[in-house]
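Since the structure comes first, as structure tokens, the remarks are kept for the end.
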Amino acid sequence: MKTFYQNWKLDQELPMVIHQSTDLSFYPHFHAEVEFVYVESGSILVGANEDKRLLKQGDMAIFGSNDIHYFDSKDLASNMIVVIFHPELVGKSVSWPGDFRFESPFIPADQPGLQTVKAILNRILREKKEAKPGHRLLIQASLLELCAIMQRHLPVHALERESQERIATRKIRIQRILSFIEEHYQEDLSVEAMCVQFGMEPSYFCRMFKKSIGMNFRTYLNTIRVLNATRRLEISDASITDIALDCGFGSVRTFNRVYRELQGCPPSEVRRRKN
């Protein structure tokens, strides 16, 4: 189960989704599609690549193709509109932005020129729900308008080929690290083992990982283990002890402690709900 790469199965005729979300929490992940979020109310912690921000009502964020991002609603409450669409809907390129980069993925509520964003999103929601003749074209037109006004009114800088390659190299490196963790989370992984695998110094690895992912290596590893354990608790009849050991925890005691810290309840409660 790939927990870090999200492979969206989108409608071929209209490769996009839009939905309203409450108290969204999602581990660091990336996908080829562009993602745009608008905070309707409350607040939520959002991370993107090597930055993070507490977004409040009216604030927005945009993640380009393969940007690593996450959402954290722990001890917070929010309502958001989330739009995810294939880059080809707004151009011929397989990625967007392409030859430029927004100075920040985070957009404040008072950003000049973006007063119409909420109306555009409501228009897309309405067209998607009613599905009247021509709704696909009108939705695509609205997405084009949304991207156009952001490109016009948000600070951007052009990317030379060298800069594009450097950014791509950083993304590929962290994606390979996440891929390795996903494939080996059941093993006795450590910072030292990761540094040997990827030829990095421990201090640099720890700084780079936390800056890119928004959490330290151990917390992320435990998150992946807990997510996989939850899936097994819900679909299998294996004992909690066997699941704990199979998912890389050294003991059921450690598993119970970490699970409660990350999920807010013991694994036995998940098993009871299954039964």
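To be explicit about the labels: the chains of the structure tokens are called A, B, and onward in the order shown, and within each one the residues are counted from 1, while ligands get numbers from 1 in the order they are shown.
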With a distance cut-off of 10 Å and only C-alpha atoms, select the neighbouring residues of region 100-104 of chain A, excluding the residue or stretch itself and same-chain residues fewer than 5 positions from it, and output the selection as a PyMOL selection string. chain A and resi 48+51+61-64+150-151+154-160+164
Long-range neighbours of Leu24 (chain A) as number ranges by chain, 12 Å cut-off, only C-alpha atoms, 3 positions minimum in chain: A: 19-21, 27, 37, 39, 42-46, 70-82
Could you take the residues named above and write them with C-alpha atoms, as a compact mmCIF listing (two decimals), in the first residue's frame?
# COMPACT_ATOMS: atom_id res chain seq x y z
CA HIS A 19 -15.18 18.40 -2.48
CA GLN A 20 -15.73 20.08 0.86
CA SER A 21 -13.71 18.61 3.72
CA TYR A 27 0.19 12.35 6.05
CA VAL A 37 -7.38 24.32 -1.03
CA VAL A 39 -10.23 27.43 4.08
CA GLY A 42 -11.54 27.56 11.27
CA SER A 43 -7.84 26.81 10.95
CA ILE A 44 -5.58 23.97 9.80
CA LEU A 45 -1.83 23.33 9.72
CA VAL A 46 -0.63 22.74 6.16
CA TYR A 70 0.30 17.31 4.25
CA PHE A 71 -2.62 18.44 6.43
CA ASP A 72 -2.77 18.38 10.22
CA SER A 73 -6.02 19.12 12.09
CA LYS A 74 -4.89 17.87 15.50
CA ASP A 75 -6.47 20.12 18.16
CA LEU A 76 -7.87 22.28 15.34
CA ALA A 77 -11.15 22.51 13.44
CA SER A 78 -11.73 23.64 9.87
CA ASN A 79 -13.90 23.41 6.79
CA MET A 80 -12.19 23.52 3.39
CA ILE A 81 -12.89 23.30 -0.30
CA VAL A 82 -10.37 21.01 -2.02
Excluding Arg273 (chain A) and its own-chain neighbours fewer than 4 positions away, which residues fall within 12 Å of it when counting only C-alpha atoms? Please give them as a list of chain:residue names. A:Thr230, A:Leu233, A:Glu234, A:Ile235, A:Cys265, A:Pro266, A:Pro267, A:Ser268, A:Glu269
Let me make sure I understand: among A:Thr241, A:Thr169, A:Ser179, A:Thr116, which one has the smallest atom-to-atom distance to Phe255 (chain A) if we use only C-alpha atoms?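 The answer is A:Thr241, which sits nearest to Phe255 (chain A).
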For the strand (DSSP E or B) assignment from backbone DSSP, which residues of region 50-243 of chain A qualify? Please present them as a PyMOL selection string. chain A and resi 51-56+60-63+69-72+78-85+100-102+106-107+156-158
Choose the residue, out of A:Phe180, A:Phe26, A:Phe36, A:Tyr185, that has the smallest atom-to-atom separation from Arg218 (chain A); count only C-alpha atoms.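 Of all the options, A:Tyr185 lies closest to Arg218 (chain A).
Minimum distance to Ala119 (chain A) across A:Trp96, A:Arg166, A:Glu40, A:Val191 (counting only C-alpha atoms) occurs at A:Glu40.
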Which residues come within 10 Å of Pro28 (chain A), counting only C-alpha atoms, excluding same-chain residues fewer than 2 positions away, as a ChimeraX atom specification? /A:3-5,25-26,30,46-49,67-72,178,212-215,220
Write the residues of the preceding selection, restricted to N, CA, C and O atoms, as an mmCIF file, in the first residue's frame.
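The file below, part34.cif, is the result:
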data_model
loop_
_atom_site.group_PDB
_atom_site.id
_atom_site.type_symbol
_atom_site.label_atom_id
_atom_site.label_comp_id
_atom_site.auth_asym_id
_atom_site.auth_seq_id
_atom_site.Cartn_x
_atom_site.Cartn_y
_atom_site.Cartn_z
ATOM 1 N N THR A 3 1.513 4.695 0.756
ATOM 2 C CA THR A 3 0.880 5.715 1.573
ATOM 3 C C THR A 3 1.379 7.106 1.252
ATOM 4 O O THR A 3 0.801 8.080 1.676
ATOM 5 N N PHE A 4 2.459 7.223 0.485
ATOM 6 C CA PHE A 4 3.021 8.546 0.233
ATOM 7 C C PHE A 4 2.723 9.047 -1.174
ATOM 8 O O PHE A 4 2.723 10.239 -1.420
ATOM 9 N N TYR A 5 2.502 8.134 -2.126
ATOM 10 C CA TYR A 5 2.159 8.555 -3.483
ATOM 11 C C TYR A 5 0.690 8.251 -3.722
ATOM 12 O O TYR A 5 0.268 7.105 -3.612
ATOM 13 N N SER A 25 -6.981 15.635 7.982
ATOM 14 C CA SER A 25 -5.626 15.270 8.386
ATOM 15 C C SER A 25 -5.121 14.230 7.394
ATOM 16 O O SER A 25 -5.797 13.231 7.137
ATOM 17 N N PHE A 26 -3.951 14.482 6.821
ATOM 18 C CA PHE A 26 -3.411 13.576 5.814
ATOM 19 C C PHE A 26 -1.900 13.634 5.879
ATOM 20 O O PHE A 26 -1.308 14.713 5.892
ATOM 21 N N PHE A 30 2.363 12.970 -2.214
ATOM 22 C CA PHE A 30 2.481 13.755 -3.439
ATOM 23 C C PHE A 30 1.743 13.044 -4.548
ATOM 24 O O PHE A 30 1.457 11.848 -4.475
ATOM 25 N N VAL A 46 -0.901 23.296 7.472
ATOM 26 C CA VAL A 46 -0.633 22.741 6.156
ATOM 27 C C VAL A 46 0.858 22.828 5.872
ATOM 28 O O VAL A 46 1.486 23.865 6.095
ATOM 29 N N GLY A 47 1.431 21.729 5.393
ATOM 30 C CA GLY A 47 2.837 21.711 5.010
ATOM 31 C C GLY A 47 2.976 21.521 3.519
ATOM 32 O O GLY A 47 2.162 20.823 2.897
ATOM 33 N N ALA A 48 4.001 22.146 2.944
ATOM 34 C CA ALA A 48 4.264 21.997 1.508
ATOM 35 C C ALA A 48 5.757 22.047 1.282
ATOM 36 O O ALA A 48 6.402 23.054 1.593
ATOM 37 N N ASN A 49 6.293 20.935 0.768
ATOM 38 C CA ASN A 49 7.723 20.816 0.530
ATOM 39 C C ASN A 49 8.499 21.154 1.794
ATOM 40 O O ASN A 49 8.437 20.416 2.769
ATOM 41 N N ASP A 67 4.492 18.127 -5.663
ATOM 42 C CA ASP A 67 4.875 18.795 -4.423
ATOM 43 C C ASP A 67 4.472 17.914 -3.246
ATOM 44 O O ASP A 67 3.340 17.411 -3.189
ATOM 45 N N ILE A 68 5.364 17.731 -2.296
ATOM 46 C CA ILE A 68 5.059 16.961 -1.087
ATOM 47 C C ILE A 68 4.277 17.867 -0.139
ATOM 48 O O ILE A 68 4.715 18.975 0.178
ATOM 49 N N HIS A 69 3.110 17.417 0.312
ATOM 50 C CA HIS A 69 2.281 18.254 1.174
ATOM 51 C C HIS A 69 1.511 17.392 2.162
ATOM 52 O O HIS A 69 1.365 16.183 1.980
ATOM 53 N N TYR A 70 1.049 18.033 3.219
ATOM 54 C CA TYR A 70 0.296 17.310 4.247
ATOM 55 C C TYR A 70 -0.649 18.262 4.960
ATOM 56 O O TYR A 70 -0.516 19.495 4.881
ATOM 57 N N PHE A 71 -1.639 17.680 5.672
ATOM 58 C CA PHE A 71 -2.622 18.443 6.425
ATOM 59 C C PHE A 71 -2.676 17.893 7.846
ATOM 60 O O PHE A 71 -2.689 16.675 8.041
ATOM 61 N N ASP A 72 -2.742 18.789 8.821
ATOM 62 C CA ASP A 72 -2.772 18.375 10.223
ATOM 63 C C ASP A 72 -3.847 19.169 10.952
ATOM 64 O O ASP A 72 -3.736 20.384 11.125
ATOM 65 N N LEU A 178 11.110 8.237 0.947
ATOM 66 C CA LEU A 178 9.776 7.818 1.363
ATOM 67 C C LEU A 178 9.433 6.447 0.791
ATOM 68 O O LEU A 178 8.811 5.613 1.466
ATOM 69 N N SER A 212 11.615 18.806 4.970
ATOM 70 C CA SER A 212 10.836 18.401 3.803
ATOM 71 C C SER A 212 9.479 17.824 4.168
ATOM 72 O O SER A 212 8.490 18.035 3.451
ATOM 73 N N ILE A 213 9.411 17.086 5.283
ATOM 74 C CA ILE A 213 8.215 16.324 5.628
ATOM 75 C C ILE A 213 7.393 16.967 6.738
ATOM 76 O O ILE A 213 6.204 16.732 6.862
ATOM 77 N N GLY A 214 8.017 17.810 7.532
ATOM 78 C CA GLY A 214 7.291 18.463 8.612
ATOM 79 C C GLY A 214 7.271 17.685 9.906
ATOM 80 O O GLY A 214 6.648 18.104 10.884
ATOM 81 N N MET A 215 7.937 16.542 9.937
ATOM 82 C CA MET A 215 8.058 15.747 11.166
ATOM 83 C C MET A 215 9.377 15.000 11.104
ATOM 84 O O MET A 215 9.965 14.852 10.030
ATOM 85 N N TYR A 220 7.581 9.908 11.483
ATOM 86 C CA TYR A 220 7.046 9.510 10.182
ATOM 87 C C TYR A 220 7.032 7.991 10.041
ATOM 88 O O TYR A 220 6.041 7.412 9.579
#
With distances taken over only C-alpha atoms, the candidate from A:Val117, A:Leu144, A:Cys206, A:Ile181 nearest Gly248 (chain A) is A:Ile181
Shortest interatomic distance to Val83 (chain A) - which of A:Ile240, A:Met208, A:Val34, A:Ile18, counting only C-alpha atoms: A:Ile18
Going by DSSP on the backbone, which bits of region 187-273 of chain A are alpha helix (DSSP H)? Write them as a ChimeraX atom specification, please. /A:191-198,202-213,217-235,240-246,252-263,267-273
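Each of A:Arg272, A:Arg136, A:His184, A:Lys128 was compared to Ile224 (chain A) using only C-alpha atoms, and A:His184 turns out to be the nearest.
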To one decimal place in Å, what is the distance between CA of Leu89 (chain A) and CA of Gln115 (chain A)?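 Pair CA of Leu89 (chain A) / CA of Gln115 (chain A) returns 22.8 Å.
Rounded to one decimal, CA of Met194 (chain A) and CA of Ile177 (chain A) lie 8.2 Å from each other.
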So how far away is CA of Lys171 (chain A) from CA of Glu145 (chain A), in Å? 28.3 Å
Taking 2 positions as the minimum chain separation for residues in the same chain, which residues sit within 7 Å of Pro108 (chain A) when counting only C-alpha atoms? Answer as a PyMOL selection string. chain A and resi 59-60+106+110-111
For the selection you just gave me, I'd like the residues written to a file as a JSON list (two decimals), in the first residue's frame, keeping N, CA and C atoms.
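Listed below is the output, selection.json:
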[["chain", "number", "residue", "atom", "x", "y", "z"],
["A", 59, "ASP", "N", -7.79, 31.88, 3.89],
["A", 59, "ASP", "CA", -6.45, 31.55, 3.38],
["A", 59, "ASP", "C", -6.55, 30.40, 2.39],
["A", 60, "MET", "N", -5.53, 30.29, 1.53],
["A", 60, "MET", "CA", -5.51, 29.28, 0.48],
["A", 60, "MET", "C", -4.12, 28.68, 0.35],
["A", 106, "PHE", "N", 1.51, 29.19, -0.11],
["A", 106, "PHE", "CA", 0.48, 29.68, 0.80],
["A", 106, "PHE", "C", 0.01, 31.07, 0.40],
["A", 110, "ASP", "N", -6.10, 38.09, 2.38],
["A", 110, "ASP", "CA", -6.19, 39.47, 1.89],
["A", 110, "ASP", "C", -5.33, 39.72, 0.66],
["A", 111, "GLN", "N", -4.93, 38.65, -0.04],
["A", 111, "GLN", "CA", -4.11, 38.81, -1.25],
["A", 111, "GLN", "C", -4.89, 39.59, -2.31]]
